[in-house]
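Undergrad: Contents of run.cif (mmCIF, C-alpha atoms):
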data_run
#
loop_
_atom_site.label_atom_id
_atom_site.label_comp_id
_atom_site.auth_asym_id
_atom_site.auth_seq_id
_atom_site.Cartn_x
_atom_site.Cartn_y
_atom_site.Cartn_z
CA MET S 814 16.18 50.64 61.41
CA ASP S 815 12.92 50.75 62.46
CA ALA S 816 11.80 51.71 59.07
CA ILE S 817 13.25 55.10 59.35
CA SER S 818 16.21 55.32 57.33
CA GLY S 819 18.80 52.85 56.78
CA ILE S 820 19.33 51.66 60.31
CA ALA S 821 21.74 49.01 59.09
CA ALA S 822 23.61 51.66 57.10
CA ALA S 823 23.78 53.92 60.15
CA MET S 824 25.20 51.10 62.24
CA GLU S 825 27.77 50.38 59.54
CA GLN S 826 28.93 54.00 59.57
CA ASP S 827 29.36 53.85 63.34
CA ARG S 828 31.64 50.82 63.08
CA PRO S 829 35.35 51.58 63.54
CA LYS S 830 37.74 50.98 60.67
CA GLN S 831 39.79 48.59 62.77
CA GLU S 832 38.68 46.61 65.78
CA GLY S 833 40.28 44.13 68.10
CA TRP S 834 39.24 40.52 68.57
CA ARG S 835 37.22 41.25 71.72
CA GLU S 836 35.30 44.08 70.11
CA LYS S 837 34.65 41.99 67.00
CA LYS S 838 33.32 39.10 69.10
CA ARG S 839 31.15 41.48 71.15
CA ARG S 840 29.69 43.07 68.00
CA GLU S 841 28.97 39.67 66.46
CA THR S 842 27.24 38.46 69.64
CA LEU S 843 25.19 41.63 69.86
CA GLN S 844 24.16 41.19 66.23
CA ARG S 845 23.25 37.55 66.80
CA ILE S 846 21.06 38.41 69.78
CA SER S 847 19.33 41.13 67.78
CA ASP S 848 18.76 38.88 64.77
CA PHE S 849 17.24 36.05 66.78
CA ALA S 850 15.14 38.46 68.83
CA LEU S 851 13.64 39.94 65.66
CA ARG S 852 12.83 36.50 64.33
CA LEU S 853 11.06 35.58 67.55
CA PHE S 854 9.22 38.91 67.72
CA ALA S 855 8.00 38.35 64.16
CA SER S 856 6.98 34.70 64.62
CA ASP S 857 5.69 34.64 68.21
CA GLY S 858 4.80 38.27 68.85
CA TYR S 859 6.70 40.88 70.83
CA GLU S 860 4.83 40.47 74.11
CA ALA S 861 4.89 36.66 74.01
CA THR S 862 8.63 36.49 73.41
CA THR S 863 10.60 36.07 76.64
CA LEU S 864 14.15 37.03 77.40
CA ASP S 865 14.91 33.38 78.12
CA ALA S 866 13.66 32.42 74.65
CA ILE S 867 15.90 35.05 73.04
CA ALA S 868 18.93 33.93 75.05
CA GLU S 869 18.33 30.27 74.18
CA ALA S 870 17.90 31.01 70.48
CA ALA S 871 21.10 33.08 70.45
CA GLY S 872 23.01 30.34 72.28
CA ILE S 873 23.85 32.43 75.35
CA SER S 874 22.84 32.49 79.01
CA ARG S 875 20.27 34.87 80.47
CA ARG S 876 23.12 36.48 82.41
CA THR S 877 25.07 37.07 79.20
CA PHE S 878 21.98 38.60 77.62
CA PHE S 879 21.96 41.32 80.29
CA TYR S 880 25.57 42.11 79.48
CA TYR S 881 24.36 43.33 76.08
CA PHE S 882 20.78 44.49 76.67
CA ASP S 883 18.63 45.48 79.64
CA SER S 884 15.29 44.69 78.00
CA LYS S 885 13.48 43.63 74.85
CA GLU S 886 12.72 47.27 74.03
CA GLU S 887 16.42 48.09 74.11
CA ILE S 888 17.01 45.52 71.36
CA LEU S 889 14.69 47.44 69.06
CA ALA S 890 16.23 50.75 70.09
CA ALA S 891 19.67 49.46 69.12
CA TRP S 892 18.65 49.23 65.48
CA GLN S 893 18.27 53.00 65.25
CA LYS S 894 20.97 54.01 67.72
CA GLY S 895 23.38 55.34 65.12
CA LEU S 896 20.76 56.97 62.93
CA PRO S 897 20.78 60.58 64.21
CA GLU S 898 24.54 60.97 63.88
CA ALA S 899 24.57 59.18 60.51
CA PHE S 900 21.84 61.52 59.26
CA ARG S 901 23.66 64.59 60.58
CA ALA S 902 26.78 63.51 58.65
CA ALA S 903 24.68 62.95 55.52
CA VAL S 904 23.23 66.48 55.75
CA LEU S 905 26.65 68.08 56.27
CA ALA S 906 28.04 66.14 53.29
CA GLN S 907 25.42 67.53 50.92
CA PRO S 908 26.40 70.13 48.26
CA LYS S 909 25.83 73.59 49.71
CA ASP S 910 24.13 75.02 46.61
CA GLN S 911 20.77 73.48 47.60
CA SER S 912 17.88 74.82 49.61
CA PRO S 913 17.67 73.53 53.21
CA LEU S 914 14.61 71.45 52.32
CA ASP S 915 16.31 69.82 49.32
CA MET S 916 19.42 69.20 51.40
CA VAL S 917 17.42 67.33 54.05
CA CYS S 918 15.50 65.32 51.46
CA ASN S 919 18.68 64.27 49.65
CA ALA S 920 20.36 63.34 52.94
CA HIS S 921 17.48 60.95 53.66
CA LEU S 922 17.77 59.46 50.19
CA LYS S 923 21.52 58.95 50.65
CA LEU S 924 20.95 56.86 53.78
CA LEU S 925 18.13 54.95 52.13
CA ALA S 926 20.49 53.75 49.40
CA ASN S 927 21.48 50.92 51.77
CA PHE S 928 17.99 50.34 53.12
CA ASP S 929 17.09 46.73 54.00
CA THR S 930 13.41 46.68 53.08
CA GLU S 931 12.55 43.17 54.27
CA GLN S 932 14.12 43.68 57.68
CA ALA S 933 12.62 47.16 58.06
CA ILE S 934 9.11 45.85 57.38
CA VAL S 935 9.53 43.35 60.21
CA ILE S 936 10.83 46.01 62.61
CA ASP S 937 8.11 48.48 61.65
CA ARG S 938 5.40 45.87 62.18
CA ILE S 939 6.79 45.05 65.63
CA LEU S 940 6.98 48.71 66.62
CA ARG S 941 3.33 49.21 65.69
CA SER S 942 2.14 46.12 67.57
CA ASN S 943 2.42 47.46 71.09
CA GLU S 944 1.17 50.73 72.61
CA GLN S 945 4.33 51.29 74.63
CA LEU S 946 6.50 50.67 71.58
CA ARG S 947 4.38 52.99 69.45
CA ALA S 948 4.77 55.79 71.99
CA SER S 949 8.50 55.21 72.33
CA ASN S 950 8.89 55.05 68.57
CA GLN S 951 7.52 58.57 68.17
CA THR S 952 10.50 60.03 70.03
CA LYS S 953 12.70 59.30 67.03
CA TYR S 954 10.97 62.06 65.10
CA LEU S 955 11.84 64.57 67.82
CA GLN S 956 15.43 63.38 67.67
CA MET S 957 15.49 63.70 63.90
CA GLU S 958 14.00 67.20 64.10
CA GLN S 959 16.67 68.32 66.56
CA VAL S 960 19.60 66.81 64.68
CA THR S 961 18.28 68.30 61.42
CA PHE S 962 18.05 71.74 62.99
CA GLU S 963 21.56 71.50 64.45
CA ALA S 964 23.06 70.37 61.12
CA LEU S 965 21.33 73.14 59.17
CA CYS S 966 22.49 75.73 61.71
CA GLU S 967 26.03 74.49 61.27
CA ILE S 968 25.74 75.12 57.53
CA TRP S 969 23.89 78.42 57.90
CA PRO S 970 25.09 79.80 61.26
CA HIS S 971 23.53 83.26 60.93
CA GLN S 972 21.24 83.96 63.87
CA ALA S 973 18.63 85.56 61.61
CA ARG S 974 18.01 82.23 59.86
CA ARG S 975 17.51 80.10 62.96
CA LYS S 976 13.72 80.44 63.14
CA ALA S 977 13.29 79.54 59.47
CA LEU S 978 15.67 76.60 59.81
CA ARG S 979 13.73 75.38 62.83
CA VAL S 980 10.57 75.41 60.70
CA VAL S 981 12.36 73.42 57.98
CA ALA S 982 13.49 70.88 60.58
CA MET S 983 9.97 70.54 62.01
CA MET S 984 8.39 70.14 58.57
CA SER S 985 11.05 67.64 57.51
CA ALA S 986 10.40 65.47 60.56
CA GLY S 987 6.68 65.55 59.77
CA VAL S 988 7.31 64.63 56.14
CA LEU S 989 9.48 61.73 57.24
CA ARG S 990 6.77 60.43 59.57
CA LEU S 991 4.14 60.63 56.83
CA ALA S 992 6.47 58.94 54.34
CA ILE S 993 7.08 56.05 56.73
CA ASP S 994 3.36 55.73 57.44
CA SER S 995 2.63 55.65 53.69
CA TRP S 996 5.40 53.11 53.12
CA ALA S 997 4.04 50.91 55.93
CA GLU S 998 0.56 50.99 54.42
CA GLU S 999 2.04 49.88 51.09
CA GLN S 1000 3.77 46.97 52.88
CA GLY S 1001 6.94 47.59 50.94
CA ARG S 1002 5.28 47.52 47.51
CA LYS S 1003 6.56 51.06 47.05
CA SER S 1004 10.07 51.86 48.23
CA LEU S 1005 10.58 54.12 51.22
CA ALA S 1006 12.83 56.29 49.06
CA ASP S 1007 9.95 56.86 46.63
CA CYS S 1008 7.62 57.69 49.53
CA VAL S 1009 10.12 60.21 50.87
CA LYS S 1010 10.56 61.80 47.43
CA GLU S 1011 6.80 62.07 46.95
CA MET S 1012 6.15 63.58 50.37
CA PHE S 1013 8.89 66.18 50.01
CA ALA S 1014 7.63 67.02 46.50
CA ASP S 1015 4.10 67.46 47.85
CA LEU S 1016 5.38 69.78 50.58
CA LYS S 1017 7.37 71.89 48.13
CA ALA S 1018 4.38 72.14 45.79
CA GLU S 1019 2.14 73.27 48.63
CA LEU S 1020 4.66 75.84 49.80
CA ALA S 1021 4.87 77.20 46.24
CA ARG S 1022 1.12 77.81 46.31
CA ALA S 1023 1.33 79.82 49.54
#
Would you mind writing the file out in structure tokens?

TA:
Amino acid sequence: MDAISGIAAAMEQDRPKQEGWREKKRRETLQRISDFALRLFASDGYEATTLDAIAEAAGISRRTFFYYFDSKEEILAAWQKGLPEAFRAAVLAQPKDQSPLDMVCNAHLKLLANFDTEQAIVIDRILRSNEQLRASNQTKYLQMEQVTFEALCEIWPHQARRKALRVVAMMSAGVLRLAIDSWAEEQGRKSLADCVKEMFADLKAELARA
């Protein structure tokens, strides 16, 4: 998941309850390509890894590779594809007797319950290794801000609250970014869930002083 938030868990939630043989084989091949690509990115470097090398490692042809992915960057994007919708569902599933800020924080923690730390460290390191990837990676925070705002508006649909809920969504996205940065600096010595808790607690404490 990129480090953000239980990418593997998000992908699991997107998976249908029942699937046919073709879909199962396609999903397994897609997963195999992704797994081998990550290993090569980690060992050889993102820029040095070729599409041919990924295809060979995954036991497929270059032509078959393009059936699943258009580029190396798309492989990384696939790990967080299901995250926005998974996070939206986590927000909507929260008890409604919480403040919007607590609801967002607890939704993040729910997704992080299935967080694969070792894999996320590898993905995060790759995403920070290349200027283009770093720039592309920042768009996820805009996506998270928007999906947070939409989910909160669904819970509190009154027009008068929309501006305040937008502020909550913006602050939450910023807190998430800072939590991931702090977690990356710790190299996994502190859990991402703990970093998220601490950052949200710091924000709430600062708001209480205002």

Undergrad: Please, what distance in Å, to one decimal, runs between CA of Leu991 in chain S and CA of Glu1011 in chain S?

TA: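 We find that CA of Leu991 in chain S and CA of Glu1011 in chain S lie 10.3 Å from each other.
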
Undergrad: May I ask which of the residues S:Glu898, S:Glu869, S:Asp883, S:Glu841 is the closest one to Gln959 in chain S, counting all atoms listed in the file?

TA: S:Glu898

Undergrad: Go ahead and find all residues with at least one atom no further than 12 Å from (17.3, 44.4, 50.5) in the file's coordinates, using all atoms listed in the file; report them as an MDAnalysis selection string.

TA: chainID S and resid 819 821:822 925:934 1001 1004:1005

Undergrad: Could you pull the residues within 10 Å of range 832-840 of chain S, counting all atoms listed in the file, minus those fewer than 5 positions along the same chain, as a list in words?

TA: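 Counting all atoms listed in the file, the residues come to Arg845, Ile846 and Tyr881 of chain S.
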
Undergrad: If you measure from CA of Lys976 in chain S to CA of Thr961 in chain S, what distance in Å do you get, rounded to one decimal?

TA: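 One can read the CA of Lys976 in chain S to CA of Thr961 in chain S distance as 13.1 Å.
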
Undergrad: Show me as a PyMOL selection string the residues that reach within 10 Å of (13.3, 37.6, 64.9), counting all atoms listed in the file and using the file's own coordinates.

TA: chain S and resi 846-859+862+867+870+932+935-936+939

Undergrad: Pick out the closest residue to Leu896 in chain S from this set: S:Lys1010, S:Arg990, S:Arg974, S:His921. Count all atoms listed in the file.

TA: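 Using all atoms listed in the file, Leu896 in chain S sits closest to S:His921.
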
Undergrad: Please report the interatomic distance between CA of Gln1000 in chain S and CA of Val960 in chain S in Å with one decimal.

TA: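 Taking CA of Gln1000 in chain S and CA of Val960 in chain S, their separation equals 28.0 Å.
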
Undergrad: Please evaluate the PyMOL selection byres ((chain S and resi 993) around 9) against the structure above and give the resulting residues as a list in words.

TA: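 Those residues are Ala816, Ile817, Val988, Leu989, Arg990, Leu991, Ala992, Asp994, Ser995, Trp996, Ala997, Glu998, Leu1005, Cys1008 and Val1009 of chain S.
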
Undergrad: Taking C-alpha atoms for each residue, export the selection above as a PDB file, in the frame of the given file.

TA:
ATOM      1  CA  ALA S 816      11.800  51.710  59.070  1.00  0.00           C
ATOM      2  CA  ILE S 817      13.250  55.100  59.350  1.00  0.00           C
ATOM      3  CA  VAL S 988       7.310  64.630  56.140  1.00  0.00           C
ATOM      4  CA  LEU S 989       9.480  61.730  57.240  1.00  0.00           C
ATOM      5  CA  ARG S 990       6.770  60.430  59.570  1.00  0.00           C
ATOM      6  CA  LEU S 991       4.140  60.630  56.830  1.00  0.00           C
ATOM      7  CA  ALA S 992       6.470  58.940  54.340  1.00  0.00           C
ATOM      8  CA  ASP S 994       3.360  55.730  57.440  1.00  0.00           C
ATOM      9  CA  SER S 995       2.630  55.650  53.690  1.00  0.00           C
ATOM     10  CA  TRP S 996       5.400  53.110  53.120  1.00  0.00           C
ATOM     11  CA  ALA S 997       4.040  50.910  55.930  1.00  0.00           C
ATOM     12  CA  GLU S 998       0.560  50.990  54.420  1.00  0.00           C
ATOM     13  CA  LEU S1005      10.580  54.120  51.220  1.00  0.00           C
ATOM     14  CA  CYS S1008       7.620  57.690  49.530  1.00  0.00           C
ATOM     15  CA  VAL S1009      10.120  60.210  50.870  1.00  0.00           C
TER      16      VAL S1009
END

Undergrad: Taking only C-alpha atoms into account, name the residue in S:Thr842, S:Glu860, S:Ser884, S:Trp892 that is nearest to Asn943 in chain S.

TA: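 Residue with the minimum atom-to-atom distance to Asn943 in chain S: S:Glu860.
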
Undergrad: Could you tell me which of S:Lys923, S:Arg1002, S:Lys953, S:Arg979 comes closest to Gln893 in chain S if we count all atoms listed in the file?

TA: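 Closest to Gln893 in chain S, using all atoms listed in the file: S:Lys953.
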
Undergrad: Could you check which of S:Ile873, S:Ala906, S:Leu1016, S:Ala1023 is closest to Met984 in chain S, using all atoms listed in the file?

TA: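 When distances to Met984 in chain S are compared using all atoms listed in the file, the smallest one comes from S:Leu1016.
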
Undergrad: Run the PyMOL selection byres ((chain S and resi 965) around 10) mentally over the shown coordinates, then write out the matched residues as a VMD selection string, using the chain letters and numbers from the document.

TA: chain S and resid 901 904 to 905 913 to 914 916 to 917 959 to 964 966 to 970 974 to 975 978 to 979 981 to 982

Undergrad: Between S:Gln844, S:Ser942, S:Gln911, S:Asn919, single out the one closest to Ala861 in chain S, counting all atoms listed in the file.

TA: S:Ser942

Undergrad: Which residues come within 6 Å of Ala986 in chain S, counting only C-alpha atoms, excluding same-chain residues fewer than 3 positions away, as a list in words?

TA: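 Within the cut-off, the hits are Tyr954, Glu958, Met983 and Leu989 of chain S.
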